[in-house]
Amino acid sequence: MQVEKCDILCLGGGGAGITAAITAAEQGADVILVSKEPLGYGDTRISMGLMSCPGVVEGDDWQHFYKDLIKGGENLNDPELVHIMAEWAPYGLKLLESYGHLFERNKDGKFSKEVVFLLGGHSLPRTIGCPPGGGISMGNSLRAGAARAGIRVFEEVIACNLLFDDKRVTGAVCFDLCRGEVILFQSGAVVIATGGAGWLYYPHTDCNAGVTGDGYALAYEAGAELIDMEQVQFMPFALTYPASMCGVYVGEPSLAAPAGILRNSKGKIILEGLGTMTRAQVTNAMAVELSNGGGTEYGGLLLDLSPNLSSPEGRRMWKVRKERGQLESVRFAYGEDAYRWEKPWDVAPAAHYFMGGIKVNTSGQSSVPGLYAAGQVLGGIHGANRLGSVSLAELFVFGYLAGEAAARECKGQEFSFSKGNEEAVANITGLRGRKGSFKPIKLHRRLQKTMWENVGIVREERGLRAALREIEEIEEASKDLQITPQLSYNKDKLHTIELKHMLTVARLITESALIRQETRGAHLRLDFREKDEENWRRNIIILKNKNKMQFRTEVVKTDA
Amino acid sequence: MPRNVSIEIFRYDPQKDDSPSWRTYTIPYEEKNTVLGALIYIQENIDPSFAFRYGCRYKRCGLCALEVDGKPRMACHTYLQEGMRIGPLSKLPVIRDLAVDRKSIFHDLKKYSLYIEKKEENVEIIVEPEQGARLRSCAECLSCLSTCSRYNFGNGNFGGPFLFVKLAQLQFDPRNSKNRFEQAHALGIMHCRDCKNKCFCPNGINIYGDAICSLLENNVD
């Protein structure tokens, strides 16, 4: 078996993982980066490429940004993390540009009020855009940055489980998809930067196919604490058909500005003025209408952008969207009239981002020694709702901090590497050619269906309990799999490893959603419709203890 | 009776098969279904051993690039039609079925220093030419290689359109400090001068006009 040793192992090939790896390497640490997709081909790349940068317009500063983040997160945020986020955001932007990216500037080459715009929940315009193609240039720049830093990169390798001795995390057992072989990585520390878990809701997600929550499950199994896993952000506007494009992103609330209207299938107005609303506010209004039967035959509502065409500002916005290539998916799926905003779009919410995740301190350290987290996989910054364009800044800020702290801890240290966990390796190598009853991809679909129906945009106790029963049944079925025998690029094997992670994450979300008996941010309980400040301004912490899922709640920290 | 659609798909396991084969698959018709929709359906319902890549489903990640009737396309943004022949990007080594070897491109980034060489964190003022900004939407999907008659994988004498786009991106970047014209010349860009077979990009990049011509203009002898 192939064994690789390093000071720091970074898991994840997006903005946070690559930034952590580059930063640690620049500090002199020996770094290996493992990416499930080809490097830089994850959610960072497919984003719109919008980044928050406070302080461009007069009167804006990090304190205003801080207040917006807490308000947008409905007071569930960890104030210390928010403080770092708000203060360091401009540095995140500089860091990404140092890898090769360039953000949009005015004709004099400067960031100025002409190039920043306002997204829902921000009190001032502070979002900077990209040239056409959005996040593509970000993904490419990250690849270039990693190449420049000379990091050892393993592409299309998935982490199956972490190695740990009685003191700390010491590496990971991984599976090389193209070669079909196990690789054992031994390291002084591990930085998890695997992104979110939007794929648990396929097809109702605008995330990449690889976004299966691997990092949450790896951290949980290693005994780390996770926070507020019930908080899953759904982007309000995604396509509903054709089936192969269901869930594809078409816009966030600001898309509708200034005059767009949301109607139900009978033409009744559900929302107006949605351009300045947060994603949670719009999605929740849609969720209630959909659960009351107001949806179209495709399960969506009708976003009517035509009122914008009667004002110069509205027509300008259409042109901006068109030039940025943001209307191409609508054109492809719904045709020319929809592309020109003359025909309403059939839209439904799609899982977009996880506010919850691995609980960390301001250096990205988890509760388990040697284990760090960065990017979407960490929890607590955004509380119960994330504002638009903040996550891209988050990747670079927290990627930097985690990489820096991990390097400081590990550089030049001697670690006693634990031997490969033979059972874990056998579990992977033994998968190929199994002749059981269930196909892994079919179990993905069963899990995704129950997550969307019962743990999606609306939740209530009955549905959540049904989801837990279904998760248990799928867990049972996953012991009896049918797996094709091919060695290289075996999707069945990939799906099997992912399924194990997905089942763990599904349980974390569902149990957490049961516990939070209120409606806050992205978490909408039909049986507890009000926000409960008295009892529920609390974070839900989960960890594995003696092979059991253990929960506690903590009053949200106040800013020091 | 429900309508069906039949398509042919390239299947090949280099570890087992002597040569590739084309197999016919019949799937239920669905309005506006995409090639990607068909691939997912086949892996899920007909043959779980079928290998292909995809990611975002809206032309951003570039991972589902393949050939339809010999022409490169993004599977996610191509409507499915009866009788289509769907194969891998034909200029790249096949790992299995439609999954080609993509690792070489990261290797090339290092080999040809395809990055800004000096790390600079404080770029306050910078004006990027429009052509440079347009080239930034290259999704690194590698489709363009399929449309180049001269490119051959592993032949270091001719870089091919993908490397020329990367070199042009850098040449347009005001922070670039390496001579990219010279690199393009060493990689045989002069062969593109009289090429009649203009390379194609599914994301709409004008590879010949924006990248290749701008590198040819400053031909280094």
# chains A, B, ... in the order shown; residues from 1 in each chain; ligands from 1

call {"tool": "closest_atom_pairs", "arguments": {"of": "chain B", "to": "chain A", "cutoff": "8 Å", "atoms": "only C-alpha atoms", "output": "JSON lines"}}
result
{"residue": "B:Glu31", "atom": "CA", "partner": "A:Pro242", "partner_atom": "CA", "distance": 7.0}
{"residue": "B:Lys32", "atom": "CA", "partner": "A:Pro242", "partner_atom": "CA", "distance": 6.0}
{"residue": "B:Asn33", "atom": "CA", "partner": "A:Pro242", "partner_atom": "CA", "distance": 6.2}
{"residue": "B:Thr34", "atom": "CA", "partner": "A:Ser244", "partner_atom": "CA", "distance": 6.5}
{"residue": "B:Leu36", "atom": "CA", "partner": "A:Ser244", "partner_atom": "CA", "distance": 7.2}
{"residue": "B:Gly37", "atom": "CA", "partner": "A:Ser244", "partner_atom": "CA", "distance": 4.8}
{"residue": "B:Glu44", "atom": "CA", "partner": "A:Ile441", "partner_atom": "CA", "distance": 6.4}
{"residue": "B:Pro48", "atom": "CA", "partner": "A:Asp492", "partner_atom": "CA", "distance": 6.8}
{"residue": "B:Ser49", "atom": "CA", "partner": "A:Thr484", "partner_atom": "CA", "distance": 5.8}
{"residue": "B:Phe50", "atom": "CA", "partner": "A:Lys491", "partner_atom": "CA", "distance": 7.8}
{"residue": "B:Ala51", "atom": "CA", "partner": "A:Tyr489", "partner_atom": "CA", "distance": 6.4}
{"residue": "B:Tyr54", "atom": "CA", "partner": "A:Ala209", "partner_atom": "CA", "distance": 7.1}
{"residue": "B:Gly55", "atom": "CA", "partner": "A:Asn208", "partner_atom": "CA", "distance": 4.8}
{"residue": "B:Cys56", "atom": "CA", "partner": "A:Asn208", "partner_atom": "CA", "distance": 4.6}
{"residue": "B:Arg57", "atom": "CA", "partner": "A:Met245", "partner_atom": "CA", "distance": 6.5}
{"residue": "B:Tyr58", "atom": "CA", "partner": "A:Ser329", "partner_atom": "CA", "distance": 6.5}
{"residue": "B:Arg60", "atom": "CA", "partner": "A:Ile46", "partner_atom": "CA", "distance": 5.2}
{"residue": "B:Cys61", "atom": "CA", "partner": "A:Tyr41", "partner_atom": "CA", "distance": 5.8}
{"residue": "B:Leu63", "atom": "CA", "partner": "A:Tyr41", "partner_atom": "CA", "distance": 7.9}
{"residue": "B:Cys76", "atom": "CA", "partner": "A:Met245", "partner_atom": "CA", "distance": 7.9}
{"residue": "B:His77", "atom": "CA", "partner": "A:Phe332", "partner_atom": "CA", "distance": 7.3}
{"residue": "B:Ile95", "atom": "CA", "partner": "A:Ser488", "partner_atom": "CA", "distance": 7.0}
{"residue": "B:Arg96", "atom": "CA", "partner": "A:Tyr489", "partner_atom": "CA", "distance": 6.6}
{"residue": "B:Ala99", "atom": "CA", "partner": "A:Tyr489", "partner_atom": "CA", "distance": 7.7}
{"residue": "B:Arg102", "atom": "CA", "partner": "A:Pro38", "partner_atom": "CA", "distance": 7.4}
{"residue": "B:Lys103", "atom": "CA", "partner": "A:Glu155", "partner_atom": "CA", "distance": 7.2}
{"residue": "B:Phe106", "atom": "CA", "partner": "A:Ala147", "partner_atom": "CA", "distance": 7.3}
{"residue": "B:Leu109", "atom": "CA", "partner": "A:Ala147", "partner_atom": "CA", "distance": 6.2}
{"residue": "B:Lys110", "atom": "CA", "partner": "A:Ala147", "partner_atom": "CA", "distance": 5.3}
{"residue": "B:Ser113", "atom": "CA", "partner": "A:Arg148", "partner_atom": "CA", "distance": 7.2}
{"residue": "B:Leu114", "atom": "CA", "partner": "A:Ala144", "partner_atom": "CA", "distance": 6.6}
{"residue": "B:Tyr115", "atom": "CA", "partner": "A:Ala144", "partner_atom": "CA", "distance": 5.2}
{"residue": "B:Ile116", "atom": "CA", "partner": "A:Gly100", "partner_atom": "CA", "distance": 6.2}
{"residue": "B:Glu117", "atom": "CA", "partner": "A:Arg148", "partner_atom": "CA", "distance": 7.3}
{"residue": "B:Lys119", "atom": "CA", "partner": "A:Ser98", "partner_atom": "CA", "distance": 5.6}
{"residue": "B:Glu120", "atom": "CA", "partner": "A:Ser98", "partner_atom": "CA", "distance": 5.4}
{"residue": "B:Glu121", "atom": "CA", "partner": "A:Ser98", "partner_atom": "CA", "distance": 5.1}
{"residue": "B:Asn122", "atom": "CA", "partner": "A:Lys94", "partner_atom": "CA", "distance": 6.6}
{"residue": "B:Val123", "atom": "CA", "partner": "A:Lys94", "partner_atom": "CA", "distance": 7.4}
{"residue": "B:Glu124", "atom": "CA", "partner": "A:Lys110", "partner_atom": "CA", "distance": 6.6}
{"residue": "B:Ile125", "atom": "CA", "partner": "A:Gly109", "partner_atom": "CA", "distance": 4.9}
{"residue": "B:Ile126", "atom": "CA", "partner": "A:Gly109", "partner_atom": "CA", "distance": 4.5}
{"residue": "B:Val127", "atom": "CA", "partner": "A:Gly109", "partner_atom": "CA", "distance": 4.5}
{"residue": "B:Glu128", "atom": "CA", "partner": "A:Gly109", "partner_atom": "CA", "distance": 7.7}
{"residue": "B:Ala133", "atom": "CA", "partner": "A:Pro131", "partner_atom": "CA", "distance": 5.7}
{"residue": "B:Arg134", "atom": "CA", "partner": "A:Pro132", "partner_atom": "CA", "distance": 6.8}
{"residue": "B:Arg136", "atom": "CA", "partner": "A:Ser137", "partner_atom": "CA", "distance": 5.3}
{"residue": "B:Ser137", "atom": "CA", "partner": "A:Gly133", "partner_atom": "CA", "distance": 4.5}
{"residue": "B:Cys138", "atom": "CA", "partner": "A:Ile136", "partner_atom": "CA", "distance": 7.2}
{"residue": "B:Ala139", "atom": "CA", "partner": "A:Ile136", "partner_atom": "CA", "distance": 5.9}
{"residue": "B:Glu140", "atom": "CA", "partner": "A:Asn140", "partner_atom": "CA", "distance": 7.8}

call {"tool": "select_by_dssp", "arguments": {"residues": "range 269-390 of chain A", "states": "strand (DSSP E)", "output": "list in words"}}
result
Ile269, Ile270, Leu271, Leu301, Leu302, Leu303, Asp304, Trp345, Asp346, Val347, Ala348, Pro349, Ala350, Ala351, His352, Tyr353, Phe354, Gly357, Ile358, Lys359, Leu371, Tyr372, Ala373, Leu378 and Gly379 of chain A

call {"tool": "write_last_selection", "arguments": {"atoms": "C-alpha atoms", "output": "CSV table (one decimal), in the first residue's frame"}}
result
chain,number,residue,atom,x,y,z
A,269,ILE,CA,-48.5,37.7,-5.5
A,270,ILE,CA,-46.4,36.0,-2.8
A,271,LEU,CA,-43.6,38.5,-2.5
A,301,LEU,CA,-43.3,29.4,-8.0
A,302,LEU,CA,-43.2,32.0,-10.8
A,303,LEU,CA,-40.6,34.7,-10.7
A,304,ASP,CA,-41.8,37.5,-12.8
A,345,TRP,CA,-39.4,31.7,-14.6
A,346,ASP,CA,-40.5,28.6,-12.8
A,347,VAL,CA,-38.2,28.6,-9.7
A,348,ALA,CA,-37.8,26.6,-6.5
A,349,PRO,CA,-35.2,26.7,-3.7
A,350,ALA,CA,-32.1,24.6,-3.9
A,351,ALA,CA,-29.6,23.6,-1.2
A,352,HIS,CA,-26.7,26.0,-1.4
A,353,TYR,CA,-24.6,26.4,1.7
A,354,PHE,CA,-24.3,24.9,5.2
A,357,GLY,CA,-20.3,22.6,10.7
A,358,ILE,CA,-17.1,21.8,12.6
A,359,LYS,CA,-16.8,24.0,15.7
A,371,LEU,CA,-7.6,18.7,13.4
A,372,TYR,CA,-8.3,22.0,11.8
A,373,ALA,CA,-11.2,23.2,9.5
A,378,LEU,CA,-16.5,25.0,9.6
A,379,GLY,CA,-19.6,26.2,11.5

call {"tool": "residues_around", "arguments": {"residues": "Ile27 in chain B", "least_positions_apart": "3", "cutoff": "12 Å", "atoms": "only C-alpha atoms", "output": "list in words"}}
result
Pro2, Arg3, Asn4, Val5, Ser6, Ile7, Glu8, Thr24, Glu30, Asn33, Val35, Gly37, Ala38, Leu39, Ile40, Tyr41, Ile42, Gln43, Glu44, Asn45, Ile46, Asp47, Leu80, Gln81, Glu82 and Gly83 of chain B

call {"tool": "closest_residue", "arguments": {"among": "B:Tyr79, B:Tyr12, B:Trp22, B:Tyr112", "to": "Ala184 in chain B", "atoms": "only C-alpha atoms"}}
result
B:Tyr112

call {"tool": "closest_residue", "arguments": {"among": "B:Ser90, B:Asn157, B:Asn197, B:Ser177", "to": "Phe10 in chain B", "atoms": "only C-alpha atoms"}}
result
B:Ser90

call {"tool": "select_by_dssp", "arguments": {"residues": "range 290-401 of chain A", "states": "alpha helix (DSSP H)", "output": "ChimeraX atom specification"}}
result
/A:290-291,312-323,328-334,336-339,390-401

call {"tool": "closest_atom_pairs", "arguments": {"of": "range 71-167 of chain B", "to": "range 204-211 of chain B", "cutoff": "12 Å", "atoms": "only C-alpha atoms", "output": "tab-separated table"}}
result
residue	atom	partner	partner_atom	distance
B:Arg73	CA	B:Gly204	CA	11.4
B:Met74	CA	B:Gly204	CA	11.7
B:Pro129	CA	B:Asp210	CA	11.0
B:Glu130	CA	B:Asp210	CA	9.7
B:Gln131	CA	B:Asp210	CA	6.0
B:Gly132	CA	B:Asp210	CA	8.1
B:Ala133	CA	B:Asp210	CA	10.3
B:Arg134	CA	B:Ile205	CA	7.2
B:Leu135	CA	B:Ile205	CA	6.6
B:Arg136	CA	B:Ile205	CA	9.1
B:Ser137	CA	B:Ile205	CA	7.5
B:Cys138	CA	B:Ile205	CA	7.0
B:Ala139	CA	B:Ile205	CA	9.9
B:Glu140	CA	B:Ile205	CA	11.4
B:Ser143	CA	B:Ile205	CA	11.5
B:Cys144	CA	B:Ile207	CA	8.5
B:Leu145	CA	B:Ile207	CA	11.2
B:Thr147	CA	B:Ile207	CA	11.1
B:Cys148	CA	B:Tyr208	CA	11.1
B:Gly160	CA	B:Ile207	CA	10.9
B:Pro161	CA	B:Ile207	CA	7.2
B:Phe162	CA	B:Ile207	CA	8.7
B:Leu163	CA	B:Ala211	CA	9.9
B:Phe164	CA	B:Ala211	CA	6.5
B:Val165	CA	B:Ala211	CA	5.3
B:Lys166	CA	B:Ala211	CA	8.4
B:Leu167	CA	B:Ala211	CA	8.0

call {"tool": "closest_atom_pairs", "arguments": {"of": "range 179-221 of chain A", "to": "range 537-546 of chain A", "cutoff": "10 Å", "atoms": "only C-alpha atoms", "output": "JSON lines"}}
result
{"residue": "A:Ala219", "atom": "CA", "partner": "A:Leu543", "partner_atom": "CA", "distance": 9.2}
{"residue": "A:Tyr220", "atom": "CA", "partner": "A:Leu543", "partner_atom": "CA", "distance": 6.3}
{"residue": "A:Glu221", "atom": "CA", "partner": "A:Lys544", "partner_atom": "CA", "distance": 6.7}

call {"tool": "write_last_selection", "arguments": {"atoms": "N, CA and C atoms", "output": "PDB file, in the first residue's frame"}}
result
ATOM      1  N   ALA A 219     -14.844  14.481  10.541  1.00  0.00           N
ATOM      2  CA  ALA A 219     -14.590  15.156  11.824  1.00  0.00           C
ATOM      3  C   ALA A 219     -15.424  14.541  12.940  1.00  0.00           C
ATOM      4  N   TYR A 220     -16.679  14.274  12.633  1.00  0.00           N
ATOM      5  CA  TYR A 220     -17.564  13.677  13.639  1.00  0.00           C
ATOM      6  C   TYR A 220     -17.027  12.318  14.103  1.00  0.00           C
ATOM      7  N   GLU A 221     -16.630  11.499  13.137  1.00  0.00           N
ATOM      8  CA  GLU A 221     -16.121  10.167  13.480  1.00  0.00           C
ATOM      9  C   GLU A 221     -14.830  10.247  14.285  1.00  0.00           C
TER      10      GLU A 221
END

call {"tool": "atom_distance", "arguments": {"atom1": "CA of Arg552 in chain A", "atom2": "CA of Trp199 in chain A"}}
result
27.1 Å

call {"tool": "atom_distance", "arguments": {"atom1": "CA of Leu215 in chain B", "atom2": "CA of Lys91 in chain B"}}
result
23.3 Å

call {"tool": "closest_atom_pairs", "arguments": {"of": "range 361-449 of chain A", "to": "range 55-74 of chain A", "cutoff": "7 Å", "atoms": "only C-alpha atoms", "output": "JSON lines"}}
result
{"residue": "A:His382", "atom": "CA", "partner": "A:Gly73", "partner_atom": "CA", "distance": 5.3}
{"residue": "A:Gly383", "atom": "CA", "partner": "A:Gly73", "partner_atom": "CA", "distance": 4.5}
{"residue": "A:Ala384", "atom": "CA", "partner": "A:Gly73", "partner_atom": "CA", "distance": 4.7}
{"residue": "A:Asn385", "atom": "CA", "partner": "A:Gly73", "partner_atom": "CA", "distance": 4.5}
{"residue": "A:Arg386", "atom": "CA", "partner": "A:Gly73", "partner_atom": "CA", "distance": 6.2}
{"residue": "A:Leu387", "atom": "CA", "partner": "A:Gly72", "partner_atom": "CA", "distance": 6.4}
